[in-house]
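Enquirer: Quick one, target.cif (mmCIF, C-alpha atoms):
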```cif
data_protein
#
loop_
_atom_site.group_PDB
_atom_site.id
_atom_site.type_symbol
_atom_site.label_atom_id
_atom_site.label_comp_id
_atom_site.auth_asym_id
_atom_site.auth_seq_id
_atom_site.Cartn_x
_atom_site.Cartn_y
_atom_site.Cartn_z
ATOM 1 C CA MET B 116 -23.792 13.244 -65.539
ATOM 2 C CA HIS B 117 -25.058 13.521 -61.985
ATOM 3 C CA ALA B 118 -22.622 14.376 -59.143
ATOM 4 C CA PRO B 119 -22.172 11.459 -56.689
ATOM 5 C CA SER B 120 -24.403 11.698 -53.640
ATOM 6 C CA LEU B 121 -22.813 13.104 -50.485
ATOM 7 C CA VAL B 122 -25.147 11.188 -48.166
ATOM 8 C CA PRO B 123 -23.252 7.851 -48.066
ATOM 9 C CA ARG B 124 -19.941 9.699 -47.642
ATOM 10 C CA CYS B 125 -21.309 11.788 -44.729
ATOM 11 C CA ALA B 126 -22.689 8.672 -43.075
ATOM 12 C CA ALA B 127 -19.313 6.956 -43.303
ATOM 13 C CA ILE B 128 -17.523 9.973 -41.818
ATOM 14 C CA SER B 129 -20.030 10.083 -38.956
ATOM 15 C CA LEU B 130 -19.379 6.443 -38.116
ATOM 16 C CA VAL B 131 -15.612 7.040 -38.027
ATOM 17 C CA LEU B 132 -16.056 10.032 -35.713
ATOM 18 C CA LEU B 133 -18.300 8.069 -33.375
ATOM 19 C CA ALA B 134 -15.746 5.255 -33.168
ATOM 20 C CA ALA B 135 -12.978 7.729 -32.382
ATOM 21 C CA LEU B 136 -15.023 9.352 -29.634
ATOM 22 C CA ALA B 137 -15.732 5.959 -28.089
ATOM 23 C CA ALA B 138 -11.980 5.370 -27.729
ATOM 24 C CA SER B 139 -11.319 8.899 -26.476
ATOM 25 C CA PRO B 140 -9.258 9.543 -23.307
ATOM 26 C CA ALA B 141 -12.401 11.180 -21.946
ATOM 27 C CA GLN B 142 -13.342 7.663 -20.824
ATOM 28 C CA ALA B 143 -10.159 7.369 -18.734
ATOM 29 C CA HIS B 144 -12.123 7.369 -15.494
ATOM 30 C CA ARG B 145 -13.307 3.901 -16.525
ATOM 31 C CA ARG B 146 -9.844 2.351 -16.458
ATOM 32 C CA GLU B 147 -9.602 -0.595 -18.829
ATOM 33 C CA PRO B 148 -7.415 -3.617 -18.053
ATOM 34 C CA ASP B 149 -3.883 -3.320 -19.326
ATOM 35 C CA ALA B 150 -0.370 -4.488 -18.510
ATOM 36 C CA GLY B 151 -0.065 -1.801 -15.839
ATOM 37 C CA GLY B 152 -3.308 -2.464 -13.968
ATOM 38 C CA VAL B 153 -4.846 -4.961 -11.581
ATOM 39 C CA GLN B 154 -8.515 -5.590 -10.835
ATOM 40 C CA ASP B 155 -9.895 -5.586 -7.285
ATOM 41 C CA ALA B 156 -12.911 -7.427 -5.861
ATOM 42 C CA GLN B 157 -15.250 -4.596 -6.897
ATOM 43 C CA GLY B 158 -14.090 -4.750 -10.518
ATOM 44 C CA ARG B 159 -12.074 -1.531 -10.269
ATOM 45 C CA TYR B 160 -8.622 -1.257 -11.791
ATOM 46 C CA GLY B 161 -5.623 0.034 -9.880
ATOM 47 C CA VAL B 162 -2.097 0.941 -10.859
ATOM 48 C CA VAL B 163 0.797 -1.507 -10.557
ATOM 49 C CA PHE B 164 3.847 0.431 -9.394
ATOM 50 C CA PRO B 165 7.490 -0.176 -10.346
ATOM 51 C CA ALA B 166 9.632 -2.293 -8.032
ATOM 52 C CA ALA B 167 11.413 0.789 -6.668
ATOM 53 C CA SER B 168 8.139 1.918 -5.058
ATOM 54 C CA ALA B 169 8.023 -1.069 -2.689
ATOM 55 C CA GLU B 170 10.350 0.497 -0.133
ATOM 56 C CA PRO B 171 9.811 3.981 1.323
ATOM 57 C CA ASN B 172 12.220 6.856 0.783
ATOM 58 C CA PRO B 173 14.355 6.809 3.957
ATOM 59 C CA ALA B 174 14.767 10.596 3.815
ATOM 60 C CA LEU B 175 10.983 11.000 4.020
ATOM 61 C CA THR B 176 10.059 7.911 6.033
ATOM 62 C CA PRO B 177 12.926 6.612 8.205
ATOM 63 C CA GLY B 178 10.594 5.083 10.795
ATOM 64 C CA ALA B 179 9.866 6.062 14.392
ATOM 65 C CA LEU B 180 9.220 4.103 17.593
ATOM 66 C CA ASN B 181 6.516 4.156 20.224
ATOM 67 C CA PRO B 182 8.295 4.945 23.542
ATOM 68 C CA ARG B 183 5.619 2.965 25.405
ATOM 69 C CA VAL B 184 6.855 -0.296 23.865
ATOM 70 C CA THR B 185 10.139 -1.904 24.935
ATOM 71 C CA GLN B 186 11.418 -5.448 25.029
ATOM 72 C CA THR B 187 10.719 -5.708 28.756
ATOM 73 C CA ASP B 188 7.035 -4.775 28.494
ATOM 74 C CA ILE B 189 5.865 -6.538 25.326
ATOM 75 C CA ALA B 190 3.717 -8.891 27.424
ATOM 76 C CA SER B 191 1.633 -5.926 28.564
ATOM 77 C CA THR B 192 1.665 -3.958 25.296
ATOM 78 C CA ILE B 193 1.998 -5.347 21.771
ATOM 79 C CA CYS B 194 1.384 -8.966 22.761
ATOM 80 C CA VAL B 195 -1.969 -8.111 24.326
ATOM 81 C CA PRO B 196 -4.858 -8.680 21.868
ATOM 82 C CA GLY B 197 -6.444 -5.369 20.889
ATOM 83 C CA PHE B 198 -3.452 -3.228 21.878
ATOM 84 C CA THR B 199 -3.128 -1.626 18.437
ATOM 85 C CA ARG B 200 -6.817 -0.671 18.294
ATOM 86 C CA GLY B 201 -6.348 1.590 21.288
ATOM 87 C CA ILE B 202 -3.463 3.561 19.787
ATOM 88 C CA ARG B 203 -4.386 3.743 16.095
ATOM 89 C CA PRO B 204 -4.632 7.370 14.868
ATOM 90 C CA PRO B 205 -7.969 8.589 13.453
ATOM 91 C CA GLU B 206 -8.637 8.177 9.746
ATOM 92 C CA ARG B 207 -8.995 11.924 9.188
ATOM 93 C CA TYR B 208 -5.374 12.313 10.320
ATOM 94 C CA THR B 209 -3.933 9.465 8.254
ATOM 95 C CA GLU B 210 -5.911 10.456 5.150
ATOM 96 C CA ARG B 211 -4.467 13.963 5.307
ATOM 97 C CA LEU B 212 -0.975 12.513 5.641
ATOM 98 C CA LYS B 213 -1.691 10.178 2.719
ATOM 99 C CA ARG B 214 -2.566 13.097 0.438
ATOM 100 C CA GLU B 215 0.536 14.983 1.529
ATOM 101 C CA GLY B 216 2.710 11.898 1.145
ATOM 102 C CA ILE B 217 1.496 11.148 -2.377
ATOM 103 C CA ARG B 218 2.606 14.636 -3.380
ATOM 104 C CA ALA B 219 5.903 14.418 -1.469
ATOM 105 C CA TYR B 220 6.748 11.082 -3.100
ATOM 106 C CA GLY B 221 5.957 12.516 -6.534
ATOM 107 C CA TYR B 222 3.386 9.886 -7.474
ATOM 108 C CA SER B 223 1.338 10.771 -10.548
ATOM 109 C CA ASP B 224 -1.467 8.460 -9.418
ATOM 110 C CA ARG B 225 -3.509 10.536 -6.946
ATOM 111 C CA ARG B 226 -6.238 7.959 -6.222
ATOM 112 C CA LEU B 227 -6.193 7.306 -2.486
ATOM 113 C CA ARG B 228 -7.556 3.781 -2.875
ATOM 114 C CA ASP B 229 -4.351 2.681 -4.627
ATOM 115 C CA TYR B 230 -2.375 3.213 -1.412
ATOM 116 C CA GLU B 231 -2.351 2.295 2.254
ATOM 117 C CA GLU B 232 -1.127 4.971 4.648
ATOM 118 C CA ASP B 233 1.142 2.452 6.289
ATOM 119 C CA HIS B 234 3.243 2.475 9.435
ATOM 120 C CA LEU B 235 6.753 1.520 8.331
ATOM 121 C CA ILE B 236 7.381 -0.008 11.763
ATOM 122 C CA SER B 237 3.963 -1.472 12.424
ATOM 123 C CA LEU B 238 1.992 -0.732 15.578
ATOM 124 C CA GLU B 239 2.182 -4.408 16.522
ATOM 125 C CA LEU B 240 5.997 -4.101 16.492
ATOM 126 C CA GLY B 241 6.179 -0.943 18.566
ATOM 127 C CA GLY B 242 6.078 1.648 15.791
ATOM 128 C CA SER B 243 4.976 5.208 16.469
ATOM 129 C CA PRO B 244 1.228 5.556 15.863
ATOM 130 C CA ASP B 245 1.205 9.163 14.652
ATOM 131 C CA SER B 246 4.710 10.309 13.688
ATOM 132 C CA PRO B 247 4.841 11.368 10.009
ATOM 133 C CA ARG B 248 8.322 9.822 9.992
ATOM 134 C CA ASN B 249 6.685 6.420 10.434
ATOM 135 C CA LEU B 250 3.830 6.789 7.926
ATOM 136 C CA TRP B 251 3.931 6.716 4.144
ATOM 137 C CA PRO B 252 1.587 6.072 1.196
ATOM 138 C CA GLU B 253 2.510 2.478 0.414
ATOM 139 C CA PRO B 254 1.195 1.222 -2.957
ATOM 140 C CA HIS B 255 -1.073 -1.810 -2.769
ATOM 141 C CA HIS B 256 0.267 -3.305 -5.995
ATOM 142 C CA VAL B 257 3.948 -3.384 -6.944
ATOM 143 C CA ILE B 258 5.680 -5.395 -9.659
ATOM 144 C CA GLY B 259 6.635 -8.783 -8.273
ATOM 145 C CA GLY B 260 3.902 -8.640 -5.628
ATOM 146 C CA TRP B 261 5.905 -6.507 -3.174
ATOM 147 C CA GLY B 262 3.049 -4.194 -2.219
ATOM 148 C CA SER B 263 1.204 -3.451 0.998
ATOM 149 C CA TYR B 264 -0.432 -6.886 1.270
ATOM 150 C CA ALA B 265 2.936 -8.649 1.298
ATOM 151 C CA LYS B 266 4.208 -6.291 4.000
ATOM 152 C CA ASP B 267 1.074 -7.061 6.050
ATOM 153 C CA ARG B 268 2.045 -10.737 6.092
ATOM 154 C CA LEU B 269 5.550 -9.883 7.245
ATOM 155 C CA GLU B 270 4.171 -7.724 10.064
ATOM 156 C CA ASN B 271 1.989 -10.567 11.293
ATOM 157 C CA ARG B 272 4.858 -13.059 11.108
ATOM 158 C CA LEU B 273 7.306 -10.815 12.973
ATOM 159 C CA HIS B 274 4.688 -10.097 15.633
ATOM 160 C CA ARG B 275 4.269 -13.799 16.304
ATOM 161 C CA LEU B 276 8.034 -14.368 16.436
ATOM 162 C CA VAL B 277 8.550 -11.496 18.877
ATOM 163 C CA CYS B 278 5.684 -12.486 21.162
ATOM 164 C CA ASP B 279 6.830 -16.135 21.127
ATOM 165 C CA GLY B 280 10.277 -14.990 22.229
ATOM 166 C CA ARG B 281 11.955 -16.318 19.083
ATOM 167 C CA ILE B 282 13.495 -13.011 17.995
ATOM 168 C CA PRO B 283 14.105 -9.782 19.930
ATOM 169 C CA LEU B 284 11.867 -6.801 19.297
ATOM 170 C CA ALA B 285 14.782 -4.601 18.164
ATOM 171 C CA ARG B 286 15.728 -7.084 15.427
ATOM 172 C CA ALA B 287 12.183 -7.112 14.064
ATOM 173 C CA GLN B 288 12.013 -3.309 14.130
ATOM 174 C CA TYR B 289 15.345 -2.939 12.350
ATOM 175 C CA GLY B 290 14.529 -5.510 9.669
ATOM 176 C CA ILE B 291 11.155 -4.048 8.729
ATOM 177 C CA SER B 292 12.384 -0.446 8.721
ATOM 178 C CA HIS B 293 15.618 -0.974 6.779
ATOM 179 C CA ASP B 294 14.760 -3.705 4.243
ATOM 180 C CA TRP B 295 11.312 -5.171 4.665
ATOM 181 C CA ILE B 296 11.588 -7.228 1.453
ATOM 182 C CA GLY B 297 14.780 -8.844 2.734
ATOM 183 C CA ALA B 298 13.064 -9.491 6.063
ATOM 184 C CA TYR B 299 10.098 -11.054 4.244
ATOM 185 C CA ARG B 300 12.396 -13.427 2.391
ATOM 186 C CA ARG B 301 14.094 -14.379 5.644
ATOM 187 C CA TYR B 302 11.049 -14.848 7.858
ATOM 188 C CA VAL B 303 8.154 -15.602 5.482
ATOM 189 C CA GLY B 304 9.367 -16.977 2.158
ATOM 190 C CA PRO B 305 11.214 -16.175 -1.082
ATOM 191 C CA ASP B 306 8.198 -14.821 -2.937
ATOM 192 C CA PRO B 307 5.068 -12.920 -1.854
ATOM 193 C CA LEU B 308 1.746 -14.715 -1.883
ATOM 194 C CA ALA B 309 -0.777 -13.538 -4.458
ATOM 195 C CA ARG B 310 -3.657 -13.158 -2.008
ATOM 196 C CA ARG B 311 -4.514 -10.688 0.741
ATOM 197 C CA THR B 312 -4.477 -12.028 4.283
ATOM 198 C CA HIS B 313 -5.887 -11.032 7.671
ATOM 199 C CA ARG B 314 -3.926 -8.412 9.563
ATOM 200 C CA TYR B 315 -3.299 -7.979 13.261
ATOM 201 C CA GLY B 316 -2.587 -4.272 12.988
ATOM 202 C CA ASP B 317 -0.220 -1.993 11.128
#
```
Rewrite the structure of this file - the entire thing - as structure tokens.

Expert:
Amino acid sequence: MHAPSLVPRCAAISLVLLAALAASPAQAHRREPDAGGVQDAQGRYGVVFPAASAEPNPALTPGALNPRVTQTDIASTICVPGFTRGIRPPERYTERLKREGIRAYGYSDRRLRDYEEDHLISLELGGSPDSPRNLWPEPHHVIGGWGSYAKDRLENRLHRLVCDGRIPLARAQYGISHDWIGAYRRYVGPDPLARRTHRYGD
């Protein structure tokens, strides 16, 4: 009796190994769609953060004001088109703060593109341009839609209300720095829109 050939068995084992390698975590840099990811316009996948990540840690990011902006001078500061462009800090500064903030907040996702280094009190509402107390790595995508794009809409809405004289500057600053989701529900709507909108300035 002849012993069974080993060739078919080896071929089968090779196919199994190849399939396992194809599913290996070594391909993790090509993030596949899953329940915890969202796809951007370039086809890249980003992390969706838990709801608790929507608001900054007040011990790390309590907010800070720009002393140049007060209620009496809004007509010559934040309500002037282009005002925020002249005071925005350089990207090299905010990117360094973003890296430091990601570590300080304990985020495991270290990809910079998943965050906006955001001013808690936006520049258009008289927030400090460069104080680390007013800047934090805000996730773009948070469960429920409460990420950076929703906060952008609130900033734009509050800016219009302040410059139209419908609410005082201090009320807008307090609302966005203490509970921006609550402020969104009060001034914009109960739920965040699913799309990104134009911004006046953060």

Enquirer: So, with only C-alpha atoms as the atoms that count, which of B:Gly178, B:Pro171, B:Pro307, B:Pro283 lies closest to Pro252 in chain B?

Expert: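 Closest residue, counting only C-alpha atoms: B:Pro171.
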
Enquirer: If you apply the PyMOL selection byres ((chain B and resi 273-278) around 10) to this file, what residues do you get, as number ranges by chain?

Expert: B: 186, 189-190, 193-195, 237-241, 268-272, 279-288, 290-291, 298-299, 302-303, 315-316

Enquirer: Which is closest to Pro247 in chain B among B:Tyr230, B:Tyr222, B:Trp295, B:Tyr208, if we use only C-alpha atoms?

Expert: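 Answer, going by the shortest atom-to-atom distance: B:Tyr208.
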
Enquirer: Using all atoms listed in the file, pick whichever of B:Asp267, B:Glu215, B:Asp229, B:Glu210 has the shortest atom-to-atom distance to His255 in chain B.

Expert: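 Among the listed residues, the smallest separation from His255 in chain B belongs to B:Asp229.
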
Enquirer: For Tyr220 in chain B, which residue among B:Asn249, B:Pro173, B:Ser263, B:Gly242 is the nearest when counting only C-alpha atoms?

Expert: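 Distance minimum relative to Tyr220 in chain B lands on B:Pro173.
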
Enquirer: Looking at B:Leu250, B:Ile202, B:Ile296, B:Leu212, which one is nearest to Thr176 in chain B, with distances taken over all atoms listed in the file?

Expert: B:Leu250

Enquirer: Go ahead and fit an axis-aligned box to every listed atom of range 241-252 of chain B plus 3 Å each side, and pass me the centre and edge lengths in Å, one decimal, as AutoDock Vina command-line options.

Expert:
```
--center_x 4.8 --center_y 5.2 --center_z 9.9 --size_x 13.1 --size_y 18.3 --size_z 23.4
```

Enquirer: What would the selection look like, as a PyMOL selection string, if the PyMOL selection byres ((chain B and resi 231) around 12) were run on the coordinates I just shared?

Expert: chain B and resi 169+206+209-210+212-214+216-217+226-230+232-235+250-256+262-264+266-267+317
